[in-house]
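Input: a single structure, listed below in structure tokens.
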Amino acid sequence: PIGFHDYSTEEREKYRYIGLIRFGNSMLAVKWPYLRRSYQTKRNVTLILTETVPNTFILALTSIIFATVVGVYLGVVSAINQGSWLDKAANAFAIVGISAPSFFAGIIIAWLFGYVLSDYTSLNMSGSLYSYDPFEGEIITWKNLVLPALTLGLRPLAIIVQLTRSTMLDVLSQDYIRTARAKGLSRHAVIYKHALRNALNPVITAVSGWFASLLAGSFFVEYIFGYNGLGRTTVTALEMSDFPVVMGAILFIALVFVVVNILVDVLYAFVDPRVKLA
């Protein structure tokens, strides 16, 4: 935001603004929003967010990539095999995925893969993305990302499977698909070059909305798995009544929703040539 501030060293250190035009003892300046300091740690909230948001972003991005790739594939397989056991199995999986809340699925997945089958999976029930090694210092522990990403991606995966299936069935019944088949195009070309591309618009909308939701909805998943991200930090701040941290997290999440929706509108023009930006 742009505003007027006192032209003093104390004011500049507090708000970290970039001066534009000076008017006497005032300065027209551009600055980052001042989110105050944490009640508990006395640290700047902006600094706390910059340390935790990248971890949550990695978790949300991994989850949505997993959900999109697997969901689109299962949706296409289900659509082209309508009425078969593959179609029924995909629909059953989607129903289970939609019905299971993330916090419940997280507990089951942590117990099953991180405890019962830990000798085979080598996964932990909980753990941060970054860990400290006495010889190597801070290292990235990628295996601690697997279970939270799987848990967080289950519900969007189920939605994407059903959405891809329904849109593919609608597109496959269109006249231009029959024309493409009549011209002798291969089954692969008809499905993936013509039908799937035109069926992706609703999927992109769902993926974009879910990606923003994953950044906001990873709170309990991060808390269950002990993952050091924005969600766990916000839940801890709520428990300690650390309201500046909570308000900073909510402001960031609102910004993410706005930016993602703008990017999706631009992406439509690249995926579907029928869509033109005004």
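A note on labels: chains of the structure tokens are A, B, ... as shown, every chain counts residues from 1, and ligands are counted from 1 in their shown order.
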Range 208-210 of chain A surroundings by only C-alpha atoms, 7 Å radius, close-in-sequence under 4 positions cut, as a compact mmCIF listing (two decimals) with C-alpha atoms, in the first residue's frame:
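Saved the output as result_19.txt:
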```
# COMPACT_ATOMS: atom_id res chain seq x y z
CA PRO A 156 -9.57 -33.05 -4.51
CA ILE A 204 -8.96 -26.35 -14.19
CA LEU A 214 -5.42 -26.63 0.32
CA VAL A 260 -5.12 -17.88 -8.11
CA VAL A 264 -6.91 -19.28 -13.84
```
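Contact shell of Gly106 in chain A at 8 Å (only C-alpha atoms; same-chain neighbours under 6 positions omitted): Leu147, Pro148, Thr151, Val221, Ile224 and Phe225 of chain A.
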List the spatial neighbours of Phe23 in chain A as a ChimeraX atom specification - criterion: any atom at most 12 Å away, only C-alpha atoms, same-chain residues fewer than 3 positions off excluded.
/A:4-7,19-20,26-29
For the residues in that selection, give me all heavy atoms as an mmCIF file, in the first residue's frame.
```
data_model
loop_
_atom_site.group_PDB
_atom_site.id
_atom_site.type_symbol
_atom_site.label_atom_id
_atom_site.label_comp_id
_atom_site.auth_asym_id
_atom_site.auth_seq_id
_atom_site.Cartn_x
_atom_site.Cartn_y
_atom_site.Cartn_z
ATOM 1 N N PHE A 4 1.417 8.050 3.659
ATOM 2 C CA PHE A 4 2.358 9.027 4.188
ATOM 3 C C PHE A 4 2.907 8.528 5.519
ATOM 4 O O PHE A 4 2.175 7.977 6.350
ATOM 5 C CB PHE A 4 1.658 10.381 4.383
ATOM 6 C CG PHE A 4 1.399 11.108 3.104
ATOM 7 C CD1 PHE A 4 0.177 10.997 2.463
ATOM 8 C CD2 PHE A 4 2.381 11.916 2.531
ATOM 9 C CE1 PHE A 4 -0.074 11.672 1.290
ATOM 10 C CE2 PHE A 4 2.140 12.597 1.352
ATOM 11 C CZ PHE A 4 0.912 12.473 0.721
ATOM 12 N N HIS A 5 4.213 8.729 5.711
ATOM 13 C CA HIS A 5 4.881 8.331 6.958
ATOM 14 C C HIS A 5 5.834 9.438 7.382
ATOM 15 O O HIS A 5 6.291 10.246 6.556
ATOM 16 C CB HIS A 5 5.652 7.025 6.765
ATOM 17 C CG HIS A 5 4.782 5.839 6.499
ATOM 18 N ND1 HIS A 5 4.224 5.081 7.490
ATOM 19 C CD2 HIS A 5 4.357 5.297 5.327
ATOM 20 C CE1 HIS A 5 3.508 4.109 6.965
ATOM 21 N NE2 HIS A 5 3.568 4.227 5.651
ATOM 22 N N ASP A 6 6.146 9.442 8.657
ATOM 23 C CA ASP A 6 7.131 10.408 9.156
ATOM 24 C C ASP A 6 8.500 10.086 8.578
ATOM 25 O O ASP A 6 8.906 8.925 8.467
ATOM 26 C CB ASP A 6 7.198 10.357 10.687
ATOM 27 C CG ASP A 6 5.912 10.878 11.326
ATOM 28 O OD1 ASP A 6 5.186 11.624 10.649
ATOM 29 O OD2 ASP A 6 5.650 10.498 12.487
ATOM 30 N N TYR A 7 9.215 11.148 8.222
ATOM 31 C CA TYR A 7 10.552 10.974 7.661
ATOM 32 C C TYR A 7 11.548 10.887 8.806
ATOM 33 O O TYR A 7 12.189 11.868 9.209
ATOM 34 C CB TYR A 7 10.890 12.144 6.731
ATOM 35 C CG TYR A 7 12.192 11.957 5.994
ATOM 36 C CD1 TYR A 7 12.302 11.056 4.950
ATOM 37 C CD2 TYR A 7 13.322 12.695 6.359
ATOM 38 C CE1 TYR A 7 13.500 10.892 4.280
ATOM 39 C CE2 TYR A 7 14.527 12.531 5.700
ATOM 40 C CZ TYR A 7 14.617 11.621 4.655
ATOM 41 O OH TYR A 7 15.806 11.454 3.988
ATOM 42 N N GLY A 19 10.698 5.171 0.144
ATOM 43 C CA GLY A 19 10.272 6.547 -0.056
ATOM 44 C C GLY A 19 10.130 6.919 -1.527
ATOM 45 O O GLY A 19 10.955 6.535 -2.366
ATOM 46 N N LEU A 20 9.070 7.689 -1.821
ATOM 47 C CA LEU A 20 8.826 8.159 -3.184
ATOM 48 C C LEU A 20 9.052 9.672 -3.284
ATOM 49 O O LEU A 20 9.913 10.126 -4.024
ATOM 50 C CB LEU A 20 7.405 7.795 -3.620
ATOM 51 C CG LEU A 20 7.059 6.297 -3.678
ATOM 52 C CD1 LEU A 20 5.602 6.110 -4.075
ATOM 53 C CD2 LEU A 20 7.972 5.560 -4.634
ATOM 54 N N SER A 26 7.170 14.642 6.177
ATOM 55 C CA SER A 26 6.413 13.456 5.761
ATOM 56 C C SER A 26 6.979 12.902 4.464
ATOM 57 O O SER A 26 7.625 13.618 3.685
ATOM 58 C CB SER A 26 4.927 13.791 5.589
ATOM 59 O OG SER A 26 4.369 14.254 6.803
ATOM 60 N N MET A 27 6.712 11.630 4.243
ATOM 61 C CA MET A 27 7.219 10.951 3.055
ATOM 62 C C MET A 27 6.100 10.109 2.447
ATOM 63 O O MET A 27 5.465 9.316 3.146
ATOM 64 C CB MET A 27 8.397 10.051 3.418
ATOM 65 C CG MET A 27 8.906 9.172 2.277
ATOM 66 S SD MET A 27 9.755 10.106 0.985
ATOM 67 C CE MET A 27 11.306 10.460 1.834
ATOM 68 N N LEU A 28 5.851 10.329 1.158
ATOM 69 C CA LEU A 28 4.941 9.452 0.424
ATOM 70 C C LEU A 28 5.722 8.193 0.073
ATOM 71 O O LEU A 28 6.740 8.266 -0.620
ATOM 72 C CB LEU A 28 4.429 10.133 -0.845
ATOM 73 C CG LEU A 28 3.469 9.312 -1.710
ATOM 74 C CD1 LEU A 28 2.176 9.028 -0.957
ATOM 75 C CD2 LEU A 28 3.166 10.038 -3.021
ATOM 76 N N ALA A 29 5.264 7.053 0.585
ATOM 77 C CA ALA A 29 6.084 5.845 0.480
ATOM 78 C C ALA A 29 5.235 4.628 0.165
ATOM 79 O O ALA A 29 4.015 4.609 0.363
ATOM 80 C CB ALA A 29 6.835 5.612 1.788
#
```
Report as a ChimeraX atom specification all protein, DNA and RNA residues lying within 10 Å of Phe103 in chain A, evaluated on only C-alpha atoms, omitting residues in the same chain fewer than 2 positions from it.
/A:100-101,105-109,151-152,218-224
Which of range 24-178 of chain A DSSP labels strand (DSSP E or B), written as an MDAnalysis selection string:
chainID A and resid 26:30 37 44 130:133 137:140
Pull C-alpha atoms from the residues just selected and write them as an mmCIF file, in the first residue's frame.
```cif
data_model
loop_
_atom_site.group_PDB
_atom_site.id
_atom_site.type_symbol
_atom_site.label_atom_id
_atom_site.label_comp_id
_atom_site.auth_asym_id
_atom_site.auth_seq_id
_atom_site.Cartn_x
_atom_site.Cartn_y
_atom_site.Cartn_z
ATOM 1 C CA SER A 26 6.413 13.456 5.761
ATOM 2 C CA MET A 27 7.219 10.951 3.055
ATOM 3 C CA LEU A 28 4.941 9.452 0.424
ATOM 4 C CA ALA A 29 6.084 5.845 0.480
ATOM 5 C CA VAL A 30 5.337 2.295 -0.605
ATOM 6 C CA ARG A 37 4.475 -8.672 16.208
ATOM 7 C CA ASN A 44 7.532 -9.806 13.287
ATOM 8 C CA TYR A 130 13.237 -29.741 7.600
ATOM 9 C CA SER A 131 15.184 -31.652 10.220
ATOM 10 C CA TYR A 132 18.510 -31.037 11.938
ATOM 11 C CA ASP A 133 21.464 -33.340 11.507
ATOM 12 C CA GLY A 137 23.042 -29.185 9.741
ATOM 13 C CA GLU A 138 19.511 -28.489 8.465
ATOM 14 C CA ILE A 139 18.427 -31.013 5.815
ATOM 15 C CA ILE A 140 15.212 -31.613 3.853
#
```
Please list as a PyMOL selection string every residue within 7 Å of Gly127 in chain A, counting only C-alpha atoms and excluding residues in the same chain fewer than 3 positions away.
chain A and resi 124+144+225-227
Take the residues from that selection and put them in a file with N, CA and C atoms, as a PDB file, in the first residue's frame.
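After the write, selection-v6.pdb holds the following:
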```pdb
ATOM      1  N   ASN A 124       7.368 -41.890   8.746  1.00  0.00           N
ATOM      2  CA  ASN A 124       7.122 -41.523  10.135  1.00  0.00           C
ATOM      3  C   ASN A 124       5.678 -41.063  10.318  1.00  0.00           C
ATOM      4  N   ASN A 144       8.905 -37.099   4.951  1.00  0.00           N
ATOM      5  CA  ASN A 144       7.887 -36.531   5.836  1.00  0.00           C
ATOM      6  C   ASN A 144       6.821 -35.757   5.072  1.00  0.00           C
ATOM      7  N   PHE A 225       0.286 -34.284  11.522  1.00  0.00           N
ATOM      8  CA  PHE A 225       1.569 -34.866  11.123  1.00  0.00           C
ATOM      9  C   PHE A 225       2.775 -34.089  11.664  1.00  0.00           C
ATOM     10  N   GLY A 226       2.530 -33.037  12.423  1.00  0.00           N
ATOM     11  CA  GLY A 226       3.637 -32.265  12.974  1.00  0.00           C
ATOM     12  C   GLY A 226       4.461 -31.581  11.898  1.00  0.00           C
ATOM     13  N   TYR A 227       3.806 -31.182  10.818  1.00  0.00           N
ATOM     14  CA  TYR A 227       4.484 -30.574   9.670  1.00  0.00           C
ATOM     15  C   TYR A 227       4.638 -29.077   9.919  1.00  0.00           C
TER      16      TYR A 227
END
```
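The shortest atom-to-atom distance to Leu238 in chain A, with only C-alpha atoms taken into account, belongs to A:Tyr39 out of A:Val53, A:Lys31, A:Tyr39, A:Tyr115.
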Tyr192 in chain A environment, 12 Å, only C-alpha atoms, sequence neighbours closer than 3 positions dropped, as a compact mmCIF listing (two decimals) with C-alpha atoms, in the first residue's frame:
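For reference, result15.txt as written:
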```
# COMPACT_ATOMS: atom_id res chain seq x y z
CA VAL A 72 -7.61 -36.92 -14.57
CA TYR A 73 -6.21 -40.32 -15.53
CA VAL A 76 -10.59 -40.61 -18.43
CA VAL A 77 -10.30 -44.37 -17.84
CA ILE A 80 -14.00 -44.53 -21.84
CA MET A 168 -15.45 -36.50 -20.80
CA VAL A 171 -17.54 -34.24 -24.82
CA LEU A 172 -17.34 -37.76 -26.27
CA ILE A 177 -15.75 -36.32 -31.87
CA LEU A 185 -8.08 -40.75 -36.30
CA SER A 186 -6.68 -43.17 -33.75
CA ARG A 187 -8.49 -43.75 -30.45
CA HIS A 188 -5.60 -42.16 -28.56
CA ALA A 189 -5.71 -39.00 -30.72
CA ALA A 195 -11.87 -34.78 -26.15
CA LEU A 196 -9.65 -34.30 -23.08
CA ARG A 197 -8.45 -30.83 -24.01
CA ASN A 198 -12.00 -29.56 -24.42
CA ALA A 199 -13.06 -31.24 -21.18
CA LEU A 200 -10.36 -29.62 -19.04
```
Using only C-alpha atoms, pick whichever of A:Leu61, A:Leu123, A:Leu74, A:Ile159 has the shortest atom-to-atom distance to Ile95 in chain A.
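Ranking A:Leu61, A:Leu123, A:Leu74, A:Ile159 by distance to Ile95 in chain A, first place goes to A:Ile159.
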Just list the residues in range 28-126 of chain A DSSP gives helix (DSSP H, G or I) on the backbone, as a ChimeraX atom specification.
/A:45-80,85-99,102-116,118-121
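You can rank A:Val256, A:Ala79, A:Ala94, A:Ile58 by their closest distance to Ile160 in chain A using only C-alpha atoms, and at the top of that list sits A:Ala94.
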Shell around Phe93 in chain A at 12 Å using only C-alpha atoms, local window under 3 positions removed, as number ranges by chain:
A: 71, 74-75, 78, 86-90, 96-100, 154-155, 157-162
Distance in Å - CA of Glu239 in chain A versus CA of Thr41 in chain A:
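Atom-to-atom, CA of Glu239 in chain A and CA of Thr41 in chain A are spaced 14.0 Å apart.
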Nearest to Phe211 in chain A by atom-to-atom distance, counting only C-alpha atoms, from A:Ser63, A:Thr233, A:Ser8, A:Ser126:
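Ranked by minimum distance to Phe211 in chain A, first place goes to A:Ser63.
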Using only C-alpha atoms, find the one residue out of A:Trp111, A:Phe257, A:Phe252, A:Tyr176 that sits nearest to Leu49 in chain A.
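Looking at the shortest contact to Leu49 in chain A, the residue is A:Phe252.
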Rank nothing, just name the residue among A:Ile65, A:Ala206, A:Leu215, A:Ala182 nearest to Leu150 in chain A, using only C-alpha atoms.
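Among the listed residues, A:Ile65 lies closest to Leu150 in chain A.
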